file target_13.txt (compact mmCIF, C-alpha atoms)
# COMPACT_ATOMS: atom_id res chain seq x y z
CA MET A 1 82.41 5.92 9.14
CA ASP A 2 83.91 6.02 12.64
CA ARG A 3 83.56 3.58 15.49
CA LEU A 4 82.43 5.42 18.63
CA ALA A 5 84.03 5.07 22.05
CA ASN A 6 81.24 5.99 24.45
CA THR A 7 80.91 6.96 28.10
CA VAL A 8 78.65 5.08 30.52
CA ARG A 9 77.12 7.33 33.19
CA PRO A 10 76.86 5.79 36.70
CA TYR A 11 73.70 7.51 37.95
CA ALA A 12 72.34 5.99 41.16
CA TRP A 13 69.10 4.78 39.52
CA GLY A 14 70.98 2.73 36.91
CA SER A 15 70.81 -1.04 36.62
CA THR A 16 73.95 -2.92 37.65
CA THR A 17 73.39 -5.65 35.04
CA LEU A 18 71.42 -4.59 31.94
CA ILE A 19 74.12 -2.63 30.07
CA PRO A 20 76.89 -5.13 30.94
CA GLU A 21 74.68 -7.98 29.68
CA LEU A 22 74.14 -6.19 26.36
CA LEU A 23 77.84 -5.36 26.00
CA GLY A 24 78.93 -8.85 27.05
CA THR A 25 81.05 -7.50 29.89
CA ALA A 26 81.22 -8.41 33.57
CA PRO A 27 79.13 -6.24 35.92
CA THR A 28 81.20 -4.02 38.18
CA GLY A 29 78.63 -3.97 40.96
CA GLU A 30 78.11 -0.24 40.36
CA PRO A 31 75.05 1.20 38.59
CA GLN A 32 75.43 1.73 34.83
CA ALA A 33 72.55 4.00 33.89
CA GLU A 34 73.18 5.54 30.46
CA MET A 35 75.62 5.13 27.61
CA TRP A 36 75.85 8.37 25.63
CA MET A 37 76.41 8.40 21.87
CA GLY A 38 76.89 11.75 20.23
CA ALA A 39 78.57 15.12 20.69
CA HIS A 40 76.99 16.39 23.91
CA PRO A 41 79.65 18.41 25.81
CA GLY A 42 78.86 16.52 29.02
CA ALA A 43 80.21 13.24 27.66
CA PRO A 44 81.00 13.33 23.93
CA SER A 45 81.79 10.11 22.10
CA ARG A 46 85.37 9.80 20.85
CA ILE A 47 86.58 8.73 17.42
CA ASP A 48 90.03 7.92 16.09
CA ARG A 49 91.01 9.08 12.60
CA GLY A 50 94.68 8.36 13.16
CA ALA A 51 95.48 10.95 15.80
CA GLY A 52 94.13 9.09 18.82
CA GLY A 53 90.75 9.42 20.46
CA THR A 54 89.21 12.82 19.70
CA PRO A 55 85.84 14.04 21.04
CA LEU A 56 83.22 13.93 18.31
CA SER A 57 82.18 17.44 19.36
CA ASP A 58 85.67 18.72 18.46
CA VAL A 59 85.66 16.91 15.11
CA ILE A 60 82.30 18.47 14.21
CA ALA A 61 83.36 21.93 15.40
CA ALA A 62 86.44 21.79 13.17
CA ASP A 63 84.36 21.34 9.98
CA PRO A 64 80.60 21.27 10.62
CA THR A 65 79.60 21.20 6.96
CA ALA A 66 81.79 18.19 6.14
CA GLU A 67 80.51 16.21 9.12
CA LEU A 68 76.84 17.26 9.27
CA GLY A 69 76.05 18.35 5.72
CA ASP A 70 74.80 21.68 4.36
CA ALA A 71 71.11 21.03 5.11
CA ALA A 72 71.61 20.07 8.75
CA VAL A 73 73.92 23.01 9.45
CA ALA A 74 71.49 25.42 7.81
CA LYS A 75 68.57 24.10 9.85
CA PHE A 76 70.13 23.33 13.25
CA GLY A 77 73.44 25.17 13.32
CA PRO A 78 76.99 23.74 13.49
CA ARG A 79 76.29 20.99 16.02
CA LEU A 80 74.81 17.51 16.14
CA PRO A 81 71.20 18.25 17.17
CA PHE A 82 70.46 14.91 18.88
CA LEU A 83 71.86 12.69 21.61
CA LEU A 84 71.44 8.90 21.43
CA LYS A 85 71.56 6.78 24.59
CA LEU A 86 71.25 3.31 25.96
CA LEU A 87 69.20 3.77 29.13
CA ALA A 88 69.01 1.07 31.82
CA ALA A 89 66.79 1.81 34.82
CA GLY A 90 67.19 -0.38 37.89
CA ALA A 91 65.20 2.11 39.99
CA PRO A 92 62.74 4.91 39.14
CA LEU A 93 63.98 8.16 37.65
CA SER A 94 62.63 11.49 38.88
CA LEU A 95 59.15 12.60 37.84
CA GLN A 96 59.89 15.37 35.35
CA VAL A 97 58.80 17.59 32.49
CA HIS A 98 60.66 19.40 29.70
CA PRO A 99 60.02 22.95 28.42
CA ASN A 100 59.13 23.89 24.88
CA LEU A 101 61.63 25.91 22.84
CA ALA A 102 60.20 29.33 23.71
CA GLN A 103 60.05 28.48 27.43
CA ALA A 104 63.64 27.20 27.37
CA GLN A 105 64.92 30.31 25.60
CA ARG A 106 63.13 32.64 28.00
CA GLY A 107 64.06 30.67 31.12
CA TYR A 108 67.71 30.39 30.14
CA ALA A 109 67.93 34.11 29.35
CA ASP A 110 66.25 35.05 32.64
CA GLU A 111 68.61 32.90 34.73
CA GLU A 112 71.64 34.17 32.80
CA SER A 113 70.63 37.80 33.37
CA ALA A 114 69.98 37.05 37.06
CA GLY A 115 73.51 35.65 37.36
CA VAL A 116 72.46 32.17 38.49
CA PRO A 117 75.56 29.96 38.12
CA LEU A 118 75.16 27.24 35.50
CA GLY A 119 76.02 24.54 38.04
CA ALA A 120 73.82 25.90 40.84
CA PRO A 121 71.51 23.21 42.28
CA HIS A 122 68.50 25.54 42.01
CA ARG A 123 69.13 26.39 38.36
CA ASN A 124 66.31 25.19 36.05
CA TYR A 125 67.65 25.89 32.55
CA LYS A 126 71.08 24.61 31.55
CA ASP A 127 70.70 25.72 27.92
CA ALA A 128 68.25 27.49 25.60
CA ASN A 129 66.96 24.38 23.83
CA HIS A 130 63.92 22.16 24.19
CA LYS A 131 64.24 18.45 24.97
CA PRO A 132 61.65 16.27 23.23
CA GLU A 133 62.62 12.61 23.55
CA LEU A 134 61.74 9.09 22.42
CA ILE A 135 62.33 5.88 24.36
CA CYS A 136 62.20 2.52 22.56
CA ALA A 137 62.11 -0.58 24.77
CA LEU A 138 64.75 -3.29 24.43
CA THR A 139 63.33 -5.20 27.41
CA THR A 140 59.96 -4.99 29.11
CA PHE A 141 59.95 -1.34 30.15
CA GLU A 142 57.76 0.41 32.74
CA GLY A 143 57.04 4.10 32.82
CA LEU A 144 54.58 6.86 33.59
CA CYS A 145 53.53 9.19 30.78
CA GLY A 146 51.02 12.03 30.67
CA PHE A 147 47.95 12.72 32.80
CA ARG A 148 45.13 10.25 33.16
CA ALA A 149 41.62 11.63 32.69
CA PRO A 150 40.64 13.31 36.01
CA GLU A 151 37.80 10.85 36.62
CA GLU A 152 40.22 7.94 36.19
CA SER A 153 42.65 9.46 38.69
CA ALA A 154 39.76 10.10 41.07
CA GLU A 155 38.72 6.45 40.84
CA LEU A 156 42.28 5.24 41.45
CA LEU A 157 42.76 7.49 44.49
CA ALA A 158 39.31 6.69 45.91
CA ALA A 159 40.09 2.96 45.76
CA LEU A 160 42.97 3.51 48.19
CA ASP A 161 40.45 4.61 50.86
CA VAL A 162 42.87 7.11 52.44
CA ASP A 163 41.08 9.96 54.20
CA SER A 164 43.72 12.59 53.37
CA LEU A 165 43.33 11.84 49.65
CA LYS A 166 39.58 12.46 49.59
CA PRO A 167 39.88 16.24 49.02
CA TYR A 168 41.89 15.47 45.87
CA VAL A 169 39.21 13.05 44.73
CA ASP A 170 36.58 15.77 45.18
CA LEU A 171 38.68 18.30 43.24
CA LEU A 172 39.14 15.87 40.36
CA HIS A 173 35.36 15.40 40.15
CA ALA A 174 34.40 19.04 40.63
CA HIS A 175 36.33 20.98 37.97
CA PRO A 176 36.97 21.02 34.25
CA GLU A 177 39.94 18.90 33.24
CA GLU A 178 42.69 21.53 33.13
CA ALA A 179 41.65 23.20 36.39
CA ALA A 180 41.25 19.86 38.17
CA LEU A 181 44.69 18.60 37.22
CA ARG A 182 46.36 21.94 37.99
CA GLU A 183 44.69 22.30 41.40
CA VAL A 184 45.46 18.77 42.51
CA LEU A 185 49.10 18.80 41.38
CA THR A 186 49.59 22.20 43.03
CA ALA A 187 48.00 20.97 46.25
CA VAL A 188 50.14 17.83 46.33
CA LEU A 189 53.43 19.65 45.72
CA THR A 190 52.73 22.44 48.23
CA ALA A 191 51.25 20.30 51.03
CA ASP A 192 52.76 20.24 54.51
CA PRO A 193 55.73 17.83 54.23
CA GLN A 194 54.92 15.88 57.40
CA GLU A 195 51.26 15.48 56.48
CA MET A 196 52.18 14.44 52.94
CA ALA A 197 54.71 11.90 54.23
CA ALA A 198 51.98 10.28 56.30
CA THR A 199 49.64 10.26 53.30
CA VAL A 200 52.28 8.62 51.12
CA THR A 201 52.92 5.91 53.72
CA GLU A 202 49.22 5.10 54.02
CA ALA A 203 48.68 5.19 50.26
CA ALA A 204 51.65 2.88 49.66
CA ALA A 205 50.27 0.33 52.11
CA ALA A 206 46.94 0.44 50.27
CA CYS A 207 48.71 -0.06 46.93
CA GLU A 208 50.43 -3.16 48.34
CA ARG A 209 47.06 -4.58 49.38
CA LEU A 210 45.35 -3.86 46.06
CA GLY A 211 48.08 -5.32 43.83
CA GLY A 212 48.05 -5.14 40.02
CA ASP A 213 50.86 -3.73 37.90
CA ALA A 214 50.01 -0.05 38.35
CA TYR A 215 49.44 -0.22 42.11
CA ARG A 216 52.63 -2.26 42.55
CA ALA A 217 54.51 0.42 40.60
CA TYR A 218 53.24 3.17 42.93
CA ALA A 219 54.11 1.08 46.00
CA SER A 220 57.62 0.66 44.58
CA LEU A 221 57.93 4.44 44.14
CA ALA A 222 57.07 4.91 47.82
CA HIS A 223 59.68 2.31 48.75
CA HIS A 224 62.37 4.18 46.81
CA PHE A 225 61.17 7.67 47.84
CA PRO A 226 59.44 7.39 51.23
CA GLY A 227 57.25 10.39 52.00
CA ASP A 228 57.90 12.07 48.65
CA PRO A 229 54.88 14.01 47.29
CA GLY A 230 55.91 12.79 43.83
CA VAL A 231 54.41 9.40 44.75
CA ILE A 232 50.92 10.95 44.88
CA ALA A 233 51.61 13.13 41.83
CA ALA A 234 52.59 9.96 39.94
CA MET A 235 49.12 8.54 40.58
CA LEU A 236 47.73 11.25 38.29
CA LEU A 237 49.71 9.79 35.35
CA ASN A 238 49.19 6.91 32.96
CA TYR A 239 51.05 3.74 33.88
CA VAL A 240 52.61 2.21 30.74
CA GLN A 241 54.33 -1.10 30.17
CA LEU A 242 56.21 -1.33 26.86
CA GLN A 243 57.20 -4.57 25.19
CA PRO A 244 60.48 -4.77 23.22
CA GLY A 245 60.20 -2.68 20.05
CA GLU A 246 57.46 -0.41 21.40
CA ALA A 247 58.20 3.24 22.13
CA LEU A 248 56.97 6.42 23.80
CA PHE A 249 57.39 9.98 22.54
CA LEU A 250 57.62 12.64 25.26
CA GLY A 251 56.86 16.13 24.04
CA ALA A 252 57.12 19.44 25.88
CA GLY A 253 55.04 19.84 29.02
CA VAL A 254 54.21 16.14 29.42
CA PRO A 255 55.03 14.84 32.92
CA HIS A 256 56.72 11.45 32.89
CA ALA A 257 59.05 9.07 34.69
CA TYR A 258 60.86 5.90 33.67
CA LEU A 259 60.56 3.13 36.25
CA SER A 260 62.44 0.03 35.09
CA GLY A 261 63.94 -1.68 32.06
CA MET A 262 66.33 -0.90 29.22
CA GLY A 263 65.75 1.04 26.04
CA VAL A 264 67.26 3.11 23.25
CA GLU A 265 66.59 6.78 23.97
CA ILE A 266 67.03 9.71 21.62
CA MET A 267 66.46 13.36 22.37
CA ALA A 268 67.21 16.88 21.26
CA ASN A 269 70.61 17.98 22.54
CA SER A 270 69.53 19.59 25.83
CA ASP A 271 69.81 19.16 29.62
CA ASN A 272 66.65 21.06 30.53
CA VAL A 273 64.63 19.16 33.16
CA LEU A 274 62.04 20.50 35.59
CA ARG A 275 61.39 17.98 38.36
CA CYS A 276 58.01 17.25 39.94
CA GLY A 277 59.19 14.84 42.64
CA LEU A 278 60.75 11.43 43.28
CA THR A 279 64.07 13.17 43.79
CA PRO A 280 66.18 14.87 46.45
CA LYS A 281 67.01 17.55 43.86
CA HIS A 282 65.48 21.01 43.53
CA VAL A 283 61.76 21.24 42.67
CA ASP A 284 60.74 24.73 41.52
CA VAL A 285 56.97 24.47 41.86
CA PRO A 286 55.99 27.88 40.32
CA GLU A 287 58.20 27.33 37.24
CA LEU A 288 57.02 23.75 36.95
CA LEU A 289 53.39 24.84 36.93
CA ARG A 290 54.15 27.27 34.10
CA VAL A 291 55.64 24.50 31.95
CA VAL A 292 53.32 21.53 32.57
CA ARG A 293 50.54 20.95 30.03
CA PHE A 294 47.48 20.19 32.13
CA GLU A 295 45.64 17.98 29.71
CA ALA A 296 44.81 14.30 29.86
CA ASN A 297 46.02 12.19 26.99
CA ASP A 298 46.59 8.64 25.93
CA PRO A 299 50.32 7.85 26.29
CA GLY A 300 50.36 6.91 22.60
CA VAL A 301 52.49 3.78 22.45
CA LEU A 302 54.41 3.84 19.16
CA ARG A 303 55.13 0.82 17.02
CA PRO A 304 57.53 1.15 14.09
CA GLU A 305 56.21 1.56 10.56
CA ALA A 306 57.96 -0.75 8.12
CA SER A 307 59.11 0.29 4.64
CA GLU A 308 60.05 -1.74 1.57
CA THR A 309 63.74 -1.40 2.44
CA GLY A 310 63.24 -3.08 5.82
CA GLU A 311 63.68 0.18 7.72
CA GLU A 312 61.15 0.51 10.55
CA LEU A 313 60.51 4.15 11.46
CA TYR A 314 59.33 5.55 14.78
CA ASP A 315 57.32 8.53 13.58
CA THR A 316 57.62 11.69 15.71
CA PRO A 317 56.53 15.31 15.11
CA ILE A 318 59.95 16.98 15.40
CA ASP A 319 63.00 17.31 13.15
CA GLU A 320 65.99 17.25 15.54
CA PHE A 321 65.99 13.46 15.48
CA ARG A 322 64.67 10.55 13.48
CA LEU A 323 64.95 7.03 14.91
CA SER A 324 64.47 3.84 12.94
CA ARG A 325 65.26 0.15 13.36
CA PHE A 326 66.50 -2.67 11.13
CA VAL A 327 65.83 -6.26 12.17
CA ARG A 328 67.99 -8.16 9.70
CA ALA A 329 67.39 -11.84 8.98
CA GLU A 330 70.16 -14.18 7.92
CA GLY A 331 70.92 -13.80 4.21
CA ALA A 332 69.13 -10.46 3.85
CA ALA A 333 70.50 -8.19 1.14
CA PRO A 334 72.59 -5.19 2.28
CA THR A 335 70.75 -1.92 2.86
CA ASP A 336 72.16 1.38 1.60
CA LEU A 337 72.14 3.95 4.43
CA THR A 338 73.95 6.70 2.50
CA ALA A 339 72.30 10.03 3.35
CA GLY A 340 72.96 13.75 3.22
CA THR A 341 72.58 14.02 7.00
CA PRO A 342 74.74 12.80 9.93
CA GLN A 343 73.93 9.38 11.35
CA ILE A 344 74.70 7.18 14.34
CA VAL A 345 74.10 3.45 13.91
CA LEU A 346 73.82 1.29 17.05
CA CYS A 347 73.75 -2.52 17.16
CA THR A 348 71.55 -4.02 19.90
CA ALA A 349 71.45 -7.72 18.92
CA GLY A 350 73.40 -10.16 16.76
CA ALA A 351 76.17 -8.61 14.69
CA VAL A 352 75.92 -6.14 11.82
CA GLU A 353 78.45 -4.70 9.39
CA LEU A 354 78.47 -1.04 8.51
CA GLY A 355 80.86 -0.80 5.61
CA ASP A 356 84.14 -2.20 6.95
CA LEU A 357 83.06 -1.92 10.60
CA ARG A 358 81.63 -4.90 12.45
CA LEU A 359 79.31 -3.87 15.27
CA ALA A 360 78.44 -6.16 18.17
CA PRO A 361 75.63 -5.40 20.66
CA GLY A 362 76.20 -2.04 22.33
CA GLN A 363 78.67 -0.84 19.68
CA ALA A 364 77.94 2.19 17.50
CA ALA A 365 79.39 4.20 14.64
CA PHE A 366 79.13 7.76 13.36
CA VAL A 367 78.50 8.24 9.64
CA ARG A 368 79.31 11.63 8.13
CA ALA A 369 76.80 13.34 5.88
CA GLY A 370 77.15 12.00 2.35
CA GLU A 371 79.44 9.12 3.33
CA LYS A 372 78.62 5.84 1.60
CA ALA A 373 77.31 3.34 4.16
CA GLY A 374 75.89 -0.12 3.59
CA LEU A 375 74.31 -2.15 6.40
CA SER A 376 74.64 -5.95 6.29
CA GLY A 377 74.86 -8.90 8.68
CA THR A 378 72.31 -10.59 10.91
CA GLY A 379 70.94 -8.70 13.90
CA THR A 380 69.19 -5.54 15.04
CA ALA A 381 70.46 -2.03 14.47
CA PHE A 382 69.02 1.40 15.27
CA ARG A 383 69.67 4.34 12.99
CA ALA A 384 69.61 7.89 14.39
CA THR A 385 69.64 10.93 12.11
CA VAL A 386 67.77 14.21 11.53
CA VAL A 387 65.07 15.57 9.23
CA ALA A 388 66.73 18.38 7.29

call {"tool": "encode", "arguments": {"input": "target_13.txt", "output": "structure tokens"}}
result
Amino acid sequence: MDRLANTVRPYAWGSTTLIPELLGTAPTGEPQAEMWMGAHPGAPSRIDRGAGGTPLSDVIAADPTAELGDAAVAKFGPRLPFLLKLLAAGAPLSLQVHPNLAQAQRGYADEESAGVPLGAPHRNYKDANHKPELICALTTFEGLCGFRAPEESAELLAALDVDSLKPYVDLLHAHPEEAALREVLTAVLTADPQEMAATVTEAAAACERLGGDAYRAYASLAHHFPGDPGVIAAMLLNYVQLQPGEALFLGAGVPHAYLSGMGVEIMANSDNVLRCGLTPKHVDVPELLRVVRFEANDPGVLRPEASETGEELYDTPIDEFRLSRFVRAEGAAPTDLTAGTPQIVLCTAGAVELGDLRLAPGQAAFVRAGEKAGLSGTGTAFRATVVA
């Protein structure tokens, strides 16, 4: 197995303290938002097999079958199909949604044929892949996930007692679920900017008065993004507070935003994001409305399912990634992690040994398909692999 040297991304919304605290390093004063572990071309991990640090993406490309195994290559192609991250939000991320595989393939092909540069700020599809993802909380973690039932959103908006929101309340009461959610989101995102800015200001003041976790979260969004229509769009979504060890799965078409806290995130290897608001970046409303699933649902907080081996699995409906956790007590017998698929093992607490490698919090290792790997020590480790 190979110790990974990983890149920390300094996005503006990142916490200045959470990742340094986990790594045991001094904060730099700059935001540290995400630490990437994997072979994504944007920031591949590096390994050293005697020739100095080499990008994991290059190592895999040189011999995909040896690194990933026959089954994974046959199913996903000659690349690592997932990206593992430590995510630390000190401020809200943009309200966003991800396409399904067919939508991503079509959208990418259309923009390629239209000659839209890959780095253009108005480009929607950076690749032809979907981007389902799972976030598992390491600290108390706040987020928004999926639409509330229309009547619940109507009740929340009505409680604000803002005149300009009353037409949205009426729409939410007057239509079937899908039509109600579609009409209100469309109206919010296409409203006159000056009128919407005034609505957001008034709604935020009402949220401050009402208090409670959800209202405080919406008031905070308005503080970070004054006048942004995404603040009102966010009020259509479920507010979720995860405790450490709990997780959320975000499938295609589900609008969501992470607000605060640190977690382990895993996703299919894609950059495709369509934004709904809470951002200065491009919002393509027509394309967004084609991708969003206008259906209310429970956010579905996941708790890991334990097995006899001590592995705790976060069950998800896709194959590009499989995330599990080991919480190892002192004196626990070693666990055999040998598998025919590629793995990344990340320590988040205590200290664990993976073969000859000792991993402290925030350290990770890549395990080739078929390589013998035993996990020992006292602490918490996450295991990322695929279903092949």

call {"tool": "axis_aligned_box", "arguments": {"input": "target_13.txt", "around": "segment 305-315 of chain A", "padding_each_side": "6 Å", "output": "AutoDock Vina command-line options"}}
result
--center_x 60.0 --center_y 2.7 --center_z 8.2 --size_x 19.5 --size_y 23.6 --size_z 25.2

call {"tool": "closest_atom_pairs", "arguments": {"input": "target_13.txt", "of": "segment 311-367 of chain A", "to": "segment 131-136 of chain A", "cutoff": "12 Å", "atoms": "only C-alpha atoms", "output": "tab-separated table"}}
result
residue	atom	partner	partner_atom	distance
A:Leu313	CA	A:Cys136	CA	11.3
A:Tyr314	CA	A:Leu134	CA	8.8
A:Asp315	CA	A:Leu134	CA	9.9
A:Thr316	CA	A:Leu134	CA	8.3
A:Pro317	CA	A:Pro132	CA	9.6
A:Ile318	CA	A:Pro132	CA	8.0
A:Asp319	CA	A:Pro132	CA	10.2
A:Glu320	CA	A:Pro132	CA	8.9
A:Phe321	CA	A:Glu133	CA	8.8
A:Arg322	CA	A:Leu134	CA	9.5
A:Leu323	CA	A:Leu134	CA	8.4
A:Ser324	CA	A:Cys136	CA	10.0
A:Arg325	CA	A:Cys136	CA	10.0
A:Thr348	CA	A:Cys136	CA	11.7

call {"tool": "residues_around", "arguments": {"input": "target_13.txt", "residues": "segment 329-346 of chain A", "least_positions_apart": "6", "cutoff": "6 Å", "atoms": "all atoms listed in the file", "output": "ChimeraX atom specification"}}
result
/A:68-69,363-370,372-376,378,381-385

call {"tool": "atom_distance", "arguments": {"input": "target_13.txt", "atom1": "atom CA of Ala120 of chain A", "atom2": "atom CA of His282 of chain A"}}
result
10.0 Å

call {"tool": "atom_distance", "arguments": {"input": "target_13.txt", "atom1": "atom CA of Ala268 of chain A", "atom2": "atom CA of Ala104 of chain A"}}
result
12.5 Å

call {"tool": "residues_around", "arguments": {"input": "target_13.txt", "residues": "Ile47 of chain A", "least_positions_apart": "3", "cutoff": "6 Å", "atoms": "only C-alpha atoms", "output": "PyMOL selection string"}}
result
chain A and resi 4+53-54

call {"tool": "residues_around", "arguments": {"input": "target_13.txt", "residues": "Ala349 of chain A", "least_positions_apart": "6", "cutoff": "6 Å", "atoms": "all atoms listed in the file", "output": "list in words"}}
result
Pro361, Gly379 and Thr380 of chain A

call {"tool": "residues_around", "arguments": {"input": "target_13.txt", "residues": "segment 293-307 of chain A", "least_positions_apart": "5", "cutoff": "7 Å", "atoms": "only C-alpha atoms", "output": "MDAnalysis selection string"}}
result
chainID A and resid 145:149 177:178 181:182 238 245:248 253:254 312:314

call {"tool": "atom_distance", "arguments": {"input": "target_13.txt", "atom1": "atom CA of Thr190 of chain A", "atom2": "atom CA of His173 of chain A"}}
result
20.4 Å

call {"tool": "decode", "arguments": {"input": "target_13.txt", "residues": "segment 110-118 of chain A", "atoms": "all heavy atoms", "output": "mmCIF file, in the first residue's frame"}}
result
data_model
loop_
_atom_site.group_PDB
_atom_site.id
_atom_site.type_symbol
_atom_site.label_atom_id
_atom_site.label_comp_id
_atom_site.auth_asym_id
_atom_site.auth_seq_id
_atom_site.Cartn_x
_atom_site.Cartn_y
_atom_site.Cartn_z
ATOM 1 N N ASP A 110 -23.341 18.316 -26.034
ATOM 2 C CA ASP A 110 -23.907 19.528 -26.634
ATOM 3 C C ASP A 110 -22.941 20.702 -26.499
ATOM 4 O O ASP A 110 -22.747 21.478 -27.449
ATOM 5 C CB ASP A 110 -25.236 19.878 -25.959
ATOM 6 C CG ASP A 110 -26.364 18.929 -26.353
ATOM 7 O OD1 ASP A 110 -26.170 18.146 -27.302
ATOM 8 O OD2 ASP A 110 -27.427 18.982 -25.701
ATOM 9 N N GLU A 111 -22.328 20.860 -25.318
ATOM 10 C CA GLU A 111 -21.415 21.990 -25.131
ATOM 11 C C GLU A 111 -20.117 21.790 -25.904
ATOM 12 O O GLU A 111 -19.527 22.762 -26.401
ATOM 13 C CB GLU A 111 -21.145 22.199 -23.634
ATOM 14 C CG GLU A 111 -22.367 22.738 -22.898
ATOM 15 C CD GLU A 111 -22.093 23.100 -21.452
ATOM 16 O OE1 GLU A 111 -21.298 22.382 -20.791
ATOM 17 O OE2 GLU A 111 -22.678 24.092 -20.969
ATOM 18 N N GLU A 112 -19.678 20.540 -26.037
ATOM 19 C CA GLU A 112 -18.499 20.265 -26.856
ATOM 20 C C GLU A 112 -18.778 20.612 -28.318
ATOM 21 O O GLU A 112 -17.964 21.262 -28.983
ATOM 22 C CB GLU A 112 -18.107 18.792 -26.740
ATOM 23 C CG GLU A 112 -17.427 18.428 -25.433
ATOM 24 C CD GLU A 112 -16.027 19.000 -25.329
ATOM 25 O OE1 GLU A 112 -15.102 18.445 -25.942
ATOM 26 O OE2 GLU A 112 -15.877 20.037 -24.636
ATOM 27 N N SER A 113 -19.934 20.191 -28.834
ATOM 28 C CA SER A 113 -20.243 20.453 -30.243
ATOM 29 C C SER A 113 -20.477 21.940 -30.497
ATOM 30 O O SER A 113 -20.233 22.430 -31.613
ATOM 31 C CB SER A 113 -21.475 19.650 -30.674
ATOM 32 O OG SER A 113 -22.622 20.066 -29.947
ATOM 33 N N ALA A 114 -20.921 22.664 -29.458
ATOM 34 C CA ALA A 114 -21.125 24.112 -29.596
ATOM 35 C C ALA A 114 -19.830 24.888 -29.442
ATOM 36 O O ALA A 114 -19.812 26.116 -29.627
ATOM 37 C CB ALA A 114 -22.148 24.594 -28.568
ATOM 38 N N GLY A 115 -18.737 24.199 -29.071
ATOM 39 C CA GLY A 115 -17.444 24.851 -28.946
ATOM 40 C C GLY A 115 -17.295 25.703 -27.699
ATOM 41 O O GLY A 115 -16.470 26.627 -27.683
ATOM 42 N N VAL A 116 -18.057 25.395 -26.647
ATOM 43 C CA VAL A 116 -17.928 26.145 -25.396
ATOM 44 C C VAL A 116 -16.633 25.720 -24.710
ATOM 45 O O VAL A 116 -16.453 24.532 -24.418
ATOM 46 C CB VAL A 116 -19.132 25.880 -24.463
ATOM 47 C CG1 VAL A 116 -18.982 26.689 -23.164
ATOM 48 C CG2 VAL A 116 -20.441 26.212 -25.162
ATOM 49 N N PRO A 117 -15.697 26.633 -24.468
ATOM 50 C CA PRO A 117 -14.432 26.238 -23.828
ATOM 51 C C PRO A 117 -14.662 25.575 -22.477
ATOM 52 O O PRO A 117 -15.569 25.968 -21.727
ATOM 53 C CB PRO A 117 -13.685 27.569 -23.674
ATOM 54 C CG PRO A 117 -14.289 28.469 -24.708
ATOM 55 C CD PRO A 117 -15.722 28.065 -24.803
ATOM 56 N N LEU A 118 -13.843 24.574 -22.175
ATOM 57 C CA LEU A 118 -14.024 23.812 -20.935
ATOM 58 C C LEU A 118 -13.927 24.714 -19.697
ATOM 59 O O LEU A 118 -14.607 24.481 -18.703
ATOM 60 C CB LEU A 118 -12.973 22.699 -20.853
ATOM 61 C CG LEU A 118 -13.239 21.561 -19.867
ATOM 62 C CD1 LEU A 118 -14.548 20.855 -20.188
ATOM 63 C CD2 LEU A 118 -12.092 20.558 -19.904
#
